[in-house]
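K.L.:
File model.cif follows (mmCIF, C-alpha atoms and all ligand atoms):
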data_final
#
loop_
_atom_site.label_atom_id
_atom_site.label_comp_id
_atom_site.auth_asym_id
_atom_site.auth_seq_id
_atom_site.Cartn_x
_atom_site.Cartn_y
_atom_site.Cartn_z
CA ARG A 187 0.00 0.00 0.00
CA ALA A 188 2.86 2.33 0.87
CA LYS A 189 4.06 2.03 -2.74
CA HIS A 190 0.77 3.34 -4.17
CA ASP A 191 0.39 6.05 -1.60
CA GLY A 192 3.91 7.25 -2.34
CA ARG A 193 5.96 9.26 0.09
CA ASN A 194 3.12 10.66 2.14
CA GLY A 195 1.62 7.26 2.73
CA PHE A 196 4.93 6.02 4.02
CA GLN A 197 5.37 8.99 6.35
CA PHE A 198 1.89 8.46 7.72
CA TYR A 199 2.68 4.81 8.31
CA SER A 200 5.95 5.50 10.11
CA ARG A 201 4.42 8.24 12.24
CA GLU A 202 1.80 5.75 13.35
CA MET A 203 4.51 3.25 14.17
CA SER A 204 6.50 5.63 16.30
CA GLU A 205 3.35 6.57 18.18
CA GLN A 206 2.83 2.91 18.90
CA ALA A 207 6.44 2.59 20.00
CA ARG A 208 6.03 5.60 22.31
CA GLU A 209 2.92 4.11 23.83
CA ARG A 210 4.82 0.90 24.44
CA GLU A 211 7.66 2.83 26.03
CA THR A 212 5.24 4.59 28.36
CA LEU A 213 3.58 1.32 29.29
CA ALA A 214 6.97 -0.33 29.90
CA ARG A 215 7.92 2.47 32.31
CA ALA A 216 4.58 2.23 34.08
CA LEU A 217 5.09 -1.51 34.33
CA HIS A 218 8.37 -1.01 36.21
CA THR A 219 6.53 1.18 38.70
CA ALA A 220 3.75 -1.38 38.91
CA VAL A 221 6.26 -4.04 39.95
CA ASP A 222 7.86 -1.71 42.52
CA GLU A 223 4.54 -0.59 43.96
CA ASN A 224 2.76 -3.91 43.56
CA GLN A 225 -0.20 -2.71 41.55
CA PHE A 226 -1.15 -6.26 40.57
CA GLU A 227 -4.00 -8.43 41.73
CA LEU A 228 -4.96 -12.00 41.00
CA HIS A 229 -8.43 -12.99 39.99
CA TYR A 230 -9.54 -16.60 39.98
CA GLN A 231 -11.81 -18.30 37.47
CA PRO A 232 -13.58 -21.49 38.58
CA LYS A 233 -13.01 -24.72 36.68
CA LEU A 234 -15.99 -27.08 36.69
CA ASP A 235 -15.34 -30.82 36.75
CA LEU A 236 -17.96 -32.23 34.38
CA GLY A 237 -17.87 -35.69 35.97
CA SER A 238 -18.74 -34.62 39.50
CA GLY A 239 -20.45 -31.31 38.73
CA ARG A 240 -18.17 -29.66 41.29
CA VAL A 241 -15.71 -26.84 40.98
CA THR A 242 -12.43 -28.60 41.66
CA GLY A 243 -10.03 -25.77 40.95
CA VAL A 244 -9.42 -22.28 39.65
CA GLU A 245 -7.15 -20.53 37.17
CA ALA A 246 -5.23 -17.52 38.48
CA LEU A 247 -5.38 -14.56 36.08
CA ILE A 248 -3.37 -11.42 36.67
CA ARG A 249 -4.94 -7.96 36.82
CA TRP A 250 -3.08 -4.65 36.73
CA ARG A 251 -4.88 -1.80 38.41
CA HIS A 252 -3.06 1.31 37.22
CA PRO A 253 -3.79 4.40 39.38
CA ALA A 254 -4.65 6.53 36.32
CA LEU A 255 -5.37 4.10 33.50
CA GLY A 256 -7.56 1.79 35.54
CA MET A 257 -7.56 -1.92 34.73
CA VAL A 258 -5.01 -2.78 32.05
CA PRO A 259 -5.78 -6.18 30.47
CA PRO A 260 -3.04 -8.84 30.51
CA SER A 261 -3.14 -9.03 26.71
CA SER A 262 -1.71 -5.49 26.55
CA PHE A 263 0.99 -5.80 29.22
CA ILE A 264 2.12 -9.45 29.34
CA PRO A 265 3.88 -9.11 25.94
CA ILE A 266 5.71 -6.00 27.19
CA ALA A 267 6.60 -7.76 30.42
CA GLU A 268 8.02 -10.58 28.29
CA GLU A 269 10.11 -8.22 26.15
CA THR A 270 11.50 -6.25 29.07
CA GLY A 271 12.13 -9.31 31.25
CA LEU A 272 9.82 -7.96 33.95
CA ILE A 273 7.77 -11.12 33.48
CA VAL A 274 10.25 -12.98 35.69
CA ASP A 275 9.45 -10.86 38.76
CA ILE A 276 5.78 -10.66 37.88
CA GLY A 277 5.60 -14.40 37.29
CA ASP A 278 7.24 -15.13 40.65
CA TRP A 279 4.71 -12.92 42.36
CA VAL A 280 1.81 -14.64 40.59
CA LEU A 281 3.09 -18.09 41.53
CA ARG A 282 3.68 -17.13 45.15
CA THR A 283 0.33 -15.37 45.53
CA ALA A 284 -1.66 -18.13 43.83
CA CYS A 285 -0.06 -20.88 45.93
CA ALA A 286 -0.60 -18.94 49.17
CA GLN A 287 -4.26 -18.44 48.24
CA ALA A 288 -4.78 -22.10 47.36
CA GLN A 289 -3.22 -23.14 50.66
CA ALA A 290 -5.44 -20.68 52.57
CA TRP A 291 -8.49 -22.21 50.87
CA GLN A 292 -7.25 -25.71 51.64
CA GLN A 293 -6.83 -24.90 55.31
CA ARG A 294 -10.22 -23.24 55.57
CA TRP A 295 -12.38 -25.48 53.35
CA GLN A 296 -10.54 -28.78 52.88
CA LEU A 297 -11.93 -29.12 49.37
CA GLY A 298 -8.70 -30.11 47.61
CA LEU A 299 -9.00 -27.15 45.24
CA SER A 300 -6.21 -26.83 42.72
CA VAL A 301 -4.83 -23.59 41.32
CA ALA A 302 -3.58 -23.20 37.74
CA VAL A 303 -0.90 -20.61 36.99
CA ASN A 304 0.03 -19.34 33.51
CA VAL A 305 3.74 -19.48 32.74
CA SER A 306 5.09 -17.47 29.84
CA PRO A 307 7.97 -18.64 27.62
CA ARG A 308 10.58 -16.17 28.86
CA GLN A 309 9.75 -16.89 32.47
CA PHE A 310 10.22 -20.55 31.69
CA ARG A 311 13.57 -20.06 29.94
CA GLN A 312 15.21 -17.39 32.05
CA HIS A 313 14.73 -18.94 35.38
CA ASP A 314 15.44 -22.07 37.25
CA LEU A 315 11.73 -22.76 37.28
CA PRO A 316 11.87 -26.10 39.17
CA ALA A 317 13.82 -24.45 41.99
CA THR A 318 11.33 -21.58 42.09
CA VAL A 319 8.36 -23.94 42.18
CA ARG A 320 10.01 -26.01 44.92
CA ARG A 321 10.66 -22.90 47.00
CA VAL A 322 7.15 -21.53 46.54
CA LEU A 323 5.55 -24.87 47.48
CA ASP A 324 7.74 -25.09 50.59
CA ASP A 325 7.05 -21.50 51.61
CA SER A 326 3.29 -21.74 51.10
CA GLY A 327 2.89 -25.28 52.41
CA LEU A 328 0.77 -26.14 49.37
CA ALA A 329 0.90 -29.77 48.21
CA GLY A 330 2.39 -30.03 44.72
CA GLY A 331 -0.69 -31.98 43.65
CA LEU A 332 -2.79 -28.84 44.04
CA LEU A 333 -0.69 -26.79 41.60
CA GLU A 334 -1.04 -26.82 37.84
CA LEU A 335 1.17 -24.91 35.40
CA GLU A 336 -0.28 -23.76 32.07
CA LEU A 337 2.24 -23.66 29.23
CA THR A 338 1.89 -22.53 25.64
CA GLU A 339 2.98 -24.26 22.48
CA SER A 340 5.57 -21.60 21.68
CA LEU A 341 7.41 -22.65 24.81
CA LEU A 342 7.61 -26.24 23.60
CA MET A 343 8.98 -25.32 20.18
CA HIS A 344 12.60 -24.78 21.20
CA GLN A 345 15.33 -26.59 23.10
CA THR A 346 13.34 -29.76 23.40
CA ASP A 347 15.66 -31.77 25.65
CA ALA A 348 16.19 -28.97 28.15
CA VAL A 349 12.46 -28.28 28.23
CA ILE A 350 11.60 -31.94 28.83
CA GLU A 351 14.10 -32.11 31.67
CA THR A 352 12.58 -29.02 33.29
CA LEU A 353 9.06 -30.38 32.89
CA ARG A 354 10.02 -33.76 34.39
CA SER A 355 11.63 -32.10 37.34
CA ILE A 356 8.49 -29.99 37.98
CA LYS A 357 6.25 -33.03 37.61
CA SER A 358 8.32 -34.94 40.16
CA MET A 359 6.89 -32.51 42.76
CA GLY A 360 3.38 -33.71 41.93
CA VAL A 361 2.61 -30.57 39.92
CA SER A 362 0.40 -31.04 36.81
CA LEU A 363 1.22 -29.58 33.41
CA ALA A 364 -1.37 -28.20 31.03
CA LEU A 365 -1.04 -27.11 27.41
CA ASP A 366 -2.97 -23.83 27.13
CA ASP A 367 -4.83 -22.46 24.09
CA PHE A 368 -4.52 -25.75 22.23
CA GLY A 369 -5.27 -25.47 18.55
CA THR A 370 -4.29 -21.83 18.04
CA GLY A 371 -0.53 -22.18 17.66
CA PHE A 372 1.31 -24.58 15.43
CA SER A 373 -0.28 -27.48 17.29
CA SER A 374 2.25 -30.05 16.28
CA LEU A 375 0.78 -33.35 17.39
CA SER A 376 4.28 -34.55 18.21
CA TYR A 377 4.27 -32.16 21.22
CA LEU A 378 1.60 -34.31 22.74
CA ARG A 379 3.71 -37.41 22.84
CA ARG A 380 7.09 -35.79 23.40
CA PHE A 381 6.22 -33.72 26.44
CA PRO A 382 4.94 -35.08 29.77
CA LEU A 383 1.63 -33.20 29.77
CA ASP A 384 -1.36 -34.03 31.95
CA LEU A 385 -3.96 -31.76 30.43
CA ILE A 386 -4.94 -30.01 27.24
CA LYS A 387 -6.97 -26.81 27.26
CA ILE A 388 -9.05 -26.41 24.11
CA ASP A 389 -8.90 -22.79 23.03
CA ARG A 390 -12.10 -20.84 23.22
CA ALA A 391 -11.91 -20.13 19.48
CA PHE A 392 -13.16 -23.71 18.95
CA VAL A 393 -15.48 -23.78 21.94
CA ALA A 394 -17.26 -20.71 20.56
CA GLY A 395 -18.42 -22.73 17.55
CA LEU A 396 -19.82 -25.69 19.48
CA ALA A 397 -23.49 -26.39 18.76
CA SER A 398 -23.28 -24.21 15.63
CA ILE A 399 -20.16 -24.76 13.48
CA GLU A 400 -19.57 -28.32 12.36
CA ALA A 401 -15.82 -27.94 11.86
CA ASP A 402 -15.36 -26.69 15.43
CA GLU A 403 -17.38 -29.62 16.73
CA ALA A 404 -15.28 -32.08 14.74
CA ILE A 405 -12.03 -30.51 15.98
CA THR A 406 -13.24 -30.53 19.57
CA ARG A 407 -14.32 -34.17 19.37
CA ALA A 408 -10.96 -35.08 17.83
CA ILE A 409 -8.96 -33.23 20.51
CA ILE A 410 -10.93 -34.94 23.28
CA GLY A 411 -10.51 -38.39 21.69
CA MET A 412 -6.82 -37.90 21.06
CA ALA A 413 -6.10 -36.54 24.53
CA HIS A 414 -7.92 -39.41 26.21
CA ALA A 415 -6.15 -41.97 24.04
CA LEU A 416 -2.86 -40.45 25.20
CA GLY A 417 -3.94 -40.48 28.86
CA MET A 418 -4.50 -36.74 29.14
CA ALA A 419 -7.50 -34.84 30.44
CA VAL A 420 -9.24 -32.04 28.52
CA VAL A 421 -10.45 -28.67 29.74
CA ALA A 422 -12.59 -26.46 27.50
CA GLU A 423 -12.03 -22.70 27.76
CA GLY A 424 -14.50 -19.93 27.13
CA VAL A 425 -17.77 -21.81 27.66
CA GLU A 426 -20.49 -19.18 27.38
CA THR A 427 -23.72 -21.03 26.55
CA PRO A 428 -25.64 -24.03 27.94
CA GLU A 429 -25.52 -25.57 24.43
CA GLN A 430 -21.72 -25.49 24.40
CA LEU A 431 -21.64 -27.06 27.86
CA ALA A 432 -24.10 -29.79 26.82
CA PHE A 433 -21.94 -30.62 23.79
CA LEU A 434 -18.84 -30.92 25.97
CA GLN A 435 -20.64 -33.10 28.49
CA ALA A 436 -22.00 -35.36 25.76
CA HIS A 437 -18.50 -35.79 24.34
CA ARG A 438 -16.85 -36.60 27.65
CA CYS A 439 -14.80 -33.45 28.05
CA ASP A 440 -13.35 -33.54 31.56
CA ALA A 441 -13.72 -29.96 32.72
CA ALA A 442 -14.93 -26.55 31.59
CA GLN A 443 -14.24 -22.89 32.26
CA GLY A 444 -16.09 -19.86 30.97
CA TYR A 445 -18.38 -16.98 31.72
CA LEU A 446 -21.37 -19.38 31.85
CA LEU A 447 -19.79 -21.09 34.86
CA GLY A 448 -18.07 -18.09 36.44
CA ARG A 449 -16.01 -15.06 35.53
CA PRO A 450 -12.55 -14.51 36.95
CA MET A 451 -13.10 -12.86 40.36
CA ALA A 452 -11.35 -11.75 43.52
CA ALA A 453 -10.59 -14.55 45.97
CA ALA A 454 -13.15 -13.40 48.55
CA ALA A 455 -15.95 -13.56 45.98
CA LEU A 456 -15.45 -17.33 45.76
CA ASP A 457 -16.11 -17.98 49.45
CA ALA A 458 -19.87 -18.41 48.92
CA LEU A 459 -19.15 -21.12 46.35
CA TRP A 460 -16.74 -22.96 48.64
CA GLN A 461 -19.24 -22.70 51.49
CA ALA A 462 -21.96 -24.24 49.31
CA GLN A 463 -19.68 -27.08 48.19
CA ARG A 464 -18.60 -27.68 51.78
CA ASN A 465 -22.26 -27.85 52.91
CA ARG A 466 -23.10 -30.33 50.18
CA LEU A 467 -20.23 -32.59 51.24
CA ASP A 468 -21.14 -32.33 54.92
CA THR A 469 -24.85 -33.02 54.42
CA PRO A 470 -25.51 -36.76 54.20
CA PRO A 471 -27.71 -37.57 51.19
CA ALA A 472 -31.39 -37.99 52.13
CA HIS A 473 -32.94 -41.42 51.49
P1 LIG A 501 -5.58 -17.69 29.07
O1 LIG A 501 -4.61 -18.30 30.02
O2 LIG A 501 -5.98 -18.52 27.90
O3 LIG A 501 -6.82 -17.30 29.96
C1 LIG A 501 -8.15 -17.30 29.51
C2 LIG A 501 -8.63 -15.92 29.17
O4 LIG A 501 -9.98 -16.00 28.68
C3 LIG A 501 -8.70 -14.96 30.35
O5 LIG A 501 -8.47 -13.65 29.84
C4 LIG A 501 -10.15 -15.10 30.81
O6 LIG A 501 -10.61 -13.99 31.54
C5 LIG A 501 -10.84 -15.21 29.49
N1 LIG A 501 -12.11 -15.92 29.57
C6 LIG A 501 -12.50 -16.85 30.46
N2 LIG A 501 -13.73 -17.32 30.21
C7 LIG A 501 -14.16 -16.65 29.10
C8 LIG A 501 -15.38 -16.67 28.33
O7 LIG A 501 -16.32 -17.42 28.60
N3 LIG A 501 -15.43 -15.83 27.25
C9 LIG A 501 -14.41 -15.01 26.91
N4 LIG A 501 -14.57 -14.22 25.84
N5 LIG A 501 -13.26 -14.96 27.61
C10 LIG A 501 -13.14 -15.77 28.70
P2 LIG A 501 -7.49 -12.65 30.59
O8 LIG A 501 -7.64 -12.77 32.06
O9 LIG A 501 -7.69 -11.31 29.96
O10 LIG A 501 -6.06 -13.20 30.21
C11 LIG A 501 -5.63 -13.23 28.90
C12 LIG A 501 -4.34 -14.00 28.76
O11 LIG A 501 -3.28 -13.32 29.45
C13 LIG A 501 -4.39 -15.39 29.38
O12 LIG A 501 -5.01 -16.29 28.49
C14 LIG A 501 -2.93 -15.66 29.58
O13 LIG A 501 -2.33 -16.10 28.38
C15 LIG A 501 -2.40 -14.29 29.94
N6 LIG A 501 -2.26 -14.21 31.40
C16 LIG A 501 -3.20 -13.91 32.33
N7 LIG A 501 -2.67 -13.95 33.56
C17 LIG A 501 -1.38 -14.30 33.42
C18 LIG A 501 -0.30 -14.53 34.34
O14 LIG A 501 -0.42 -14.47 35.56
N8 LIG A 501 0.93 -14.87 33.79
C19 LIG A 501 1.10 -15.00 32.44
N9 LIG A 501 2.32 -15.35 31.99
N10 LIG A 501 0.10 -14.81 31.56
C20 LIG A 501 -1.13 -14.47 32.04
MG MG A 502 -4.43 -20.08 30.89
MG MG A 503 -6.07 -20.43 27.67
MG MG A 504 -7.10 -18.86 25.29
#
Now that the file is in, can you turn its structure into structure tokens?
Ligand code: C2E
Ligand code: MG
Ligand code: MG
Ligand code: MG
P.N.:
Amino acid sequence: RAKHDGRNGFQFYSREMSEQARERETLARALHTAVDENQFELHYQPKLDLGSGRVTGVEALIRWRHPALGMVPPSSFIPIAEETGLIVDIGDWVLRTACAQAQAWQQRWQLGLSVAVNVSPRQFRQHDLPATVRRVLDDSGLAGGLLELELTESLLMHQTDAVIETLRSIKSMGVSLALDDFGTGFSSLSYLRRFPLDLIKIDRAFVAGLASIEADEAITRAIIGMAHALGMAVVAEGVETPEQLAFLQAHRCDAAQGYLLGRPMAAAALDALWQAQRNRLDTPPAH
């Protein structure tokens, strides 16, 4: 397009680019301050186990409450945190906070609730992640079996042997490993047999089409079948309608997350749910 527009078109384009770069620069600076002043919060989204009908865990999702900008979504600051390396500090904080919260729930409710934490590629590479996980589990007192790490395909694309060794060492603590956003990246099927994964999360791009788009239904059925054949469980992301949920139940998906079942929320907002689940467990079934 720049060719047809000639010189002016190009200048317009580059001015737009530098504006974007400036915005990024500003956000990167604000992000440094955010780390120093701890402007982050974690929200937790319930994960419904479709077999038992109970919420058996949550996913921790970071929120940045900027004093002037308000809530900045992770999609606009996680990439900058990755580029600047700030993700290492932020990621440590997320892991520590999520594990402490899960342990607090365990002590109060005894429901065996697990917490899933998103790990970004740079955080995975730049750090001795197994040592960090070990330390955080020890400090929080959380059993490794109640922690899940969510990884992305881009992380699995490089340095295969080193990655496998890291994953094995994390798994030896009882921690589960999930492949997030499955189907959106390169989705090499060889990842599924090469890496010691416990869980696949079907991206919400496919879940959105359930009960309406045949191709999405076929892909979802295939992912569930393949995961089960390989001994992995499947979680569907972004479930928004009862029809989508019914499809997933009918096709033996193991668990589901989405606005239909609960939005990400502050920890305290989940207490009513835990109370209700506790009551149900404590009340003997009537005959
Ligand atoms: P993700 O791990 O795939 O998380 C799911 C995203 O989908 C979340 O967006 C969640 O709020 C949203 N979501 C959940 N249910 C529904 C639904 O029914 N409909 C729709 N439309 N959306 C739904 P969020 O919280 O904005 O996070 C976006 C991404 O940012 C996450 O995608 C994850 O990749 C990244 N992220 C979030 N927290 C962290 C973190 O602590 N560390 C790292 N490294 N990345 C994080
Ligand atoms: Mg995730
Ligand atoms: Mg996801
Ligand atoms: Mg996703």
K.L.:
Mind listing the residues within 12 Å of ligand MG 502 (chain A), only C-alpha atoms and all ligand atoms counted, as an MDAnalysis selection string?
P.N.:
chainID A and resid 230:231 233 244:248 260:261 301:306 334:339 363:368 385:390 421:424 443:444 450
K.L.:
Anything within 9 Å of (-2.6, -38.3, 20.3): list those residues as a ChimeraX atom specification, counting only C-alpha atoms and sticking to the file's coordinates.
P.N.:
/A:375-376,378-379,409,411-417
K.L.:
Identify the residues around (1.4, -17.8, 47.0) within a radius of 12 Å, measuring from all atoms listed in the file in the coordinates stated by the file, and give them as an NGL selection string.
P.N.:
:A and (228 or 246 or 277-291 or 301-303 or 318-319 or 321-328 or 333)
K.L.:
For A:Arg249, which of A:Phe372, A:Ala452, A:Ile350, A:Arg210 is the closest residue, counting all atoms listed in the file?
P.N.:
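Closest to A:Arg249 of all the choices is A:Ala452.
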K.L.:
Choose the residue, out of A:Cys439, A:Val393, A:Ala458, A:Leu353, that has the smallest atom-to-atom separation from ligand MG 504 (chain A); count all atoms listed in the file.
P.N.:
A:Val393
K.L.:
Pick out the closest residue to ligand MG 503 (chain A) from this set: A:Gly369, A:Gly331, A:Pro470, A:Pro316. Count all atoms listed in the file.
P.N.:
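Counting all atoms listed in the file, the residue closest to ligand MG 503 (chain A) is A:Gly369.
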K.L.:
Could you tell me how far atom O2 of ligand LIG 501 (chain A) lies from atom CA of A:Ala404, in Å and to one decimal?
P.N.:
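A separation of 21.1 Å between them.
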K.L.:
Which distance in Å separates atom CA of A:Gln430 and atom CA of A:Leu396, to one decimal?
P.N.:
5.3 Å
K.L.:
Identify which of the residues A:Glu209, A:Glu400, A:Glu227, A:Glu426 lies closest to ligand LIG 501 (chain A), counting only C-alpha atoms and all ligand atoms when measuring atom-to-atom distances.
P.N.:
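Ranked by minimum distance to ligand LIG 501 (chain A), first place goes to A:Glu426.
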K.L.:
Would you mind completing stretch 249-259 of chain A to all heavy atoms and writing the output as an mmCIF file, keeping the file's coordinate frame?
P.N.:
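Printed below is part27.cif as written:
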data_model
loop_
_atom_site.group_PDB
_atom_site.id
_atom_site.type_symbol
_atom_site.label_atom_id
_atom_site.label_comp_id
_atom_site.auth_asym_id
_atom_site.auth_seq_id
_atom_site.Cartn_x
_atom_site.Cartn_y
_atom_site.Cartn_z
ATOM 1 N N ARG A 249 -4.293 -9.238 37.113
ATOM 2 C CA ARG A 249 -4.940 -7.960 36.820
ATOM 3 C C ARG A 249 -4.010 -6.837 37.245
ATOM 4 O O ARG A 249 -3.398 -6.923 38.310
ATOM 5 C CB ARG A 249 -6.261 -7.850 37.594
ATOM 6 C CG ARG A 249 -7.296 -8.919 37.213
ATOM 7 C CD ARG A 249 -7.798 -8.708 35.801
ATOM 8 N NE ARG A 249 -8.738 -9.717 35.337
ATOM 9 C CZ ARG A 249 -8.412 -10.708 34.511
ATOM 10 N NH1 ARG A 249 -7.166 -10.861 34.099
ATOM 11 N NH2 ARG A 249 -9.327 -11.558 34.085
ATOM 12 N N TRP A 250 -3.897 -5.824 36.399
ATOM 13 C CA TRP A 250 -3.080 -4.650 36.730
ATOM 14 C C TRP A 250 -4.007 -3.458 36.897
ATOM 15 O O TRP A 250 -4.627 -3.020 35.946
ATOM 16 C CB TRP A 250 -2.061 -4.392 35.616
ATOM 17 C CG TRP A 250 -1.219 -3.161 35.814
ATOM 18 C CD1 TRP A 250 -1.084 -2.411 36.960
ATOM 19 C CD2 TRP A 250 -0.397 -2.531 34.822
ATOM 20 N NE1 TRP A 250 -0.223 -1.369 36.750
ATOM 21 C CE2 TRP A 250 0.207 -1.412 35.454
ATOM 22 C CE3 TRP A 250 -0.103 -2.807 33.487
ATOM 23 C CZ2 TRP A 250 1.083 -0.565 34.762
ATOM 24 C CZ3 TRP A 250 0.759 -1.969 32.806
ATOM 25 C CH2 TRP A 250 1.350 -0.854 33.438
ATOM 26 N N ARG A 251 -4.056 -2.974 38.128
ATOM 27 C CA ARG A 251 -4.880 -1.800 38.410
ATOM 28 C C ARG A 251 -3.984 -0.571 38.455
ATOM 29 O O ARG A 251 -3.363 -0.264 39.468
ATOM 30 C CB ARG A 251 -5.595 -1.984 39.765
ATOM 31 C CG ARG A 251 -6.792 -1.066 39.967
ATOM 32 C CD ARG A 251 -7.338 -1.196 41.380
ATOM 33 N NE ARG A 251 -7.954 -2.495 41.644
ATOM 34 C CZ ARG A 251 -9.227 -2.773 41.347
ATOM 35 N NH1 ARG A 251 -9.984 -1.871 40.785
ATOM 36 N NH2 ARG A 251 -9.712 -3.958 41.633
ATOM 37 N N HIS A 252 -3.899 0.126 37.314
ATOM 38 C CA HIS A 252 -3.060 1.310 37.220
ATOM 39 C C HIS A 252 -3.802 2.495 37.830
ATOM 40 O O HIS A 252 -4.993 2.675 37.578
ATOM 41 C CB HIS A 252 -2.722 1.589 35.750
ATOM 42 C CG HIS A 252 -1.736 2.704 35.554
ATOM 43 N ND1 HIS A 252 -2.125 4.019 35.522
ATOM 44 C CD2 HIS A 252 -0.389 2.692 35.405
ATOM 45 C CE1 HIS A 252 -1.043 4.770 35.344
ATOM 46 N NE2 HIS A 252 0.019 3.990 35.279
ATOM 47 N N PRO A 253 -3.100 3.317 38.663
ATOM 48 C CA PRO A 253 -3.790 4.400 39.380
ATOM 49 C C PRO A 253 -4.513 5.383 38.446
ATOM 50 O O PRO A 253 -5.534 5.934 38.844
ATOM 51 C CB PRO A 253 -2.677 5.103 40.167
ATOM 52 C CG PRO A 253 -1.391 4.509 39.701
ATOM 53 C CD PRO A 253 -1.693 3.195 39.059
ATOM 54 N N ALA A 254 -3.999 5.591 37.242
ATOM 55 C CA ALA A 254 -4.650 6.530 36.320
ATOM 56 C C ALA A 254 -5.391 5.827 35.183
ATOM 57 O O ALA A 254 -6.487 6.224 34.795
ATOM 58 C CB ALA A 254 -3.627 7.500 35.739
ATOM 59 N N LEU A 255 -4.786 4.774 34.668
ATOM 60 C CA LEU A 255 -5.370 4.100 33.500
ATOM 61 C C LEU A 255 -6.488 3.136 33.852
ATOM 62 O O LEU A 255 -7.232 2.684 32.993
ATOM 63 C CB LEU A 255 -4.280 3.329 32.729
ATOM 64 C CG LEU A 255 -3.095 4.127 32.195
ATOM 65 C CD1 LEU A 255 -2.025 3.192 31.641
ATOM 66 C CD2 LEU A 255 -3.563 5.117 31.121
ATOM 67 N N GLY A 256 -6.575 2.799 35.135
ATOM 68 C CA GLY A 256 -7.560 1.790 35.540
ATOM 69 C C GLY A 256 -7.048 0.395 35.243
ATOM 70 O O GLY A 256 -5.837 0.174 35.236
ATOM 71 N N MET A 257 -7.954 -0.530 34.990
ATOM 72 C CA MET A 257 -7.560 -1.920 34.730
ATOM 73 C C MET A 257 -6.919 -2.042 33.358
ATOM 74 O O MET A 257 -7.527 -1.713 32.347
ATOM 75 C CB MET A 257 -8.786 -2.823 34.786
ATOM 76 C CG MET A 257 -9.229 -3.146 36.192
ATOM 77 S SD MET A 257 -8.046 -4.223 37.046
ATOM 78 C CE MET A 257 -9.104 -4.794 38.390
ATOM 79 N N VAL A 258 -5.691 -2.518 33.319
ATOM 80 C CA VAL A 258 -5.010 -2.780 32.050
ATOM 81 C C VAL A 258 -5.075 -4.294 31.816
ATOM 82 O O VAL A 258 -4.635 -5.061 32.671
ATOM 83 C CB VAL A 258 -3.541 -2.319 32.107
ATOM 84 C CG1 VAL A 258 -2.868 -2.490 30.756
ATOM 85 C CG2 VAL A 258 -3.441 -0.875 32.598
ATOM 86 N N PRO A 259 -5.636 -4.725 30.693
ATOM 87 C CA PRO A 259 -5.780 -6.180 30.470
ATOM 88 C C PRO A 259 -4.435 -6.860 30.231
ATOM 89 O O PRO A 259 -3.525 -6.257 29.665
ATOM 90 C CB PRO A 259 -6.670 -6.260 29.222
ATOM 91 C CG PRO A 259 -6.503 -4.954 28.527
ATOM 92 C CD PRO A 259 -6.197 -3.933 29.588
#
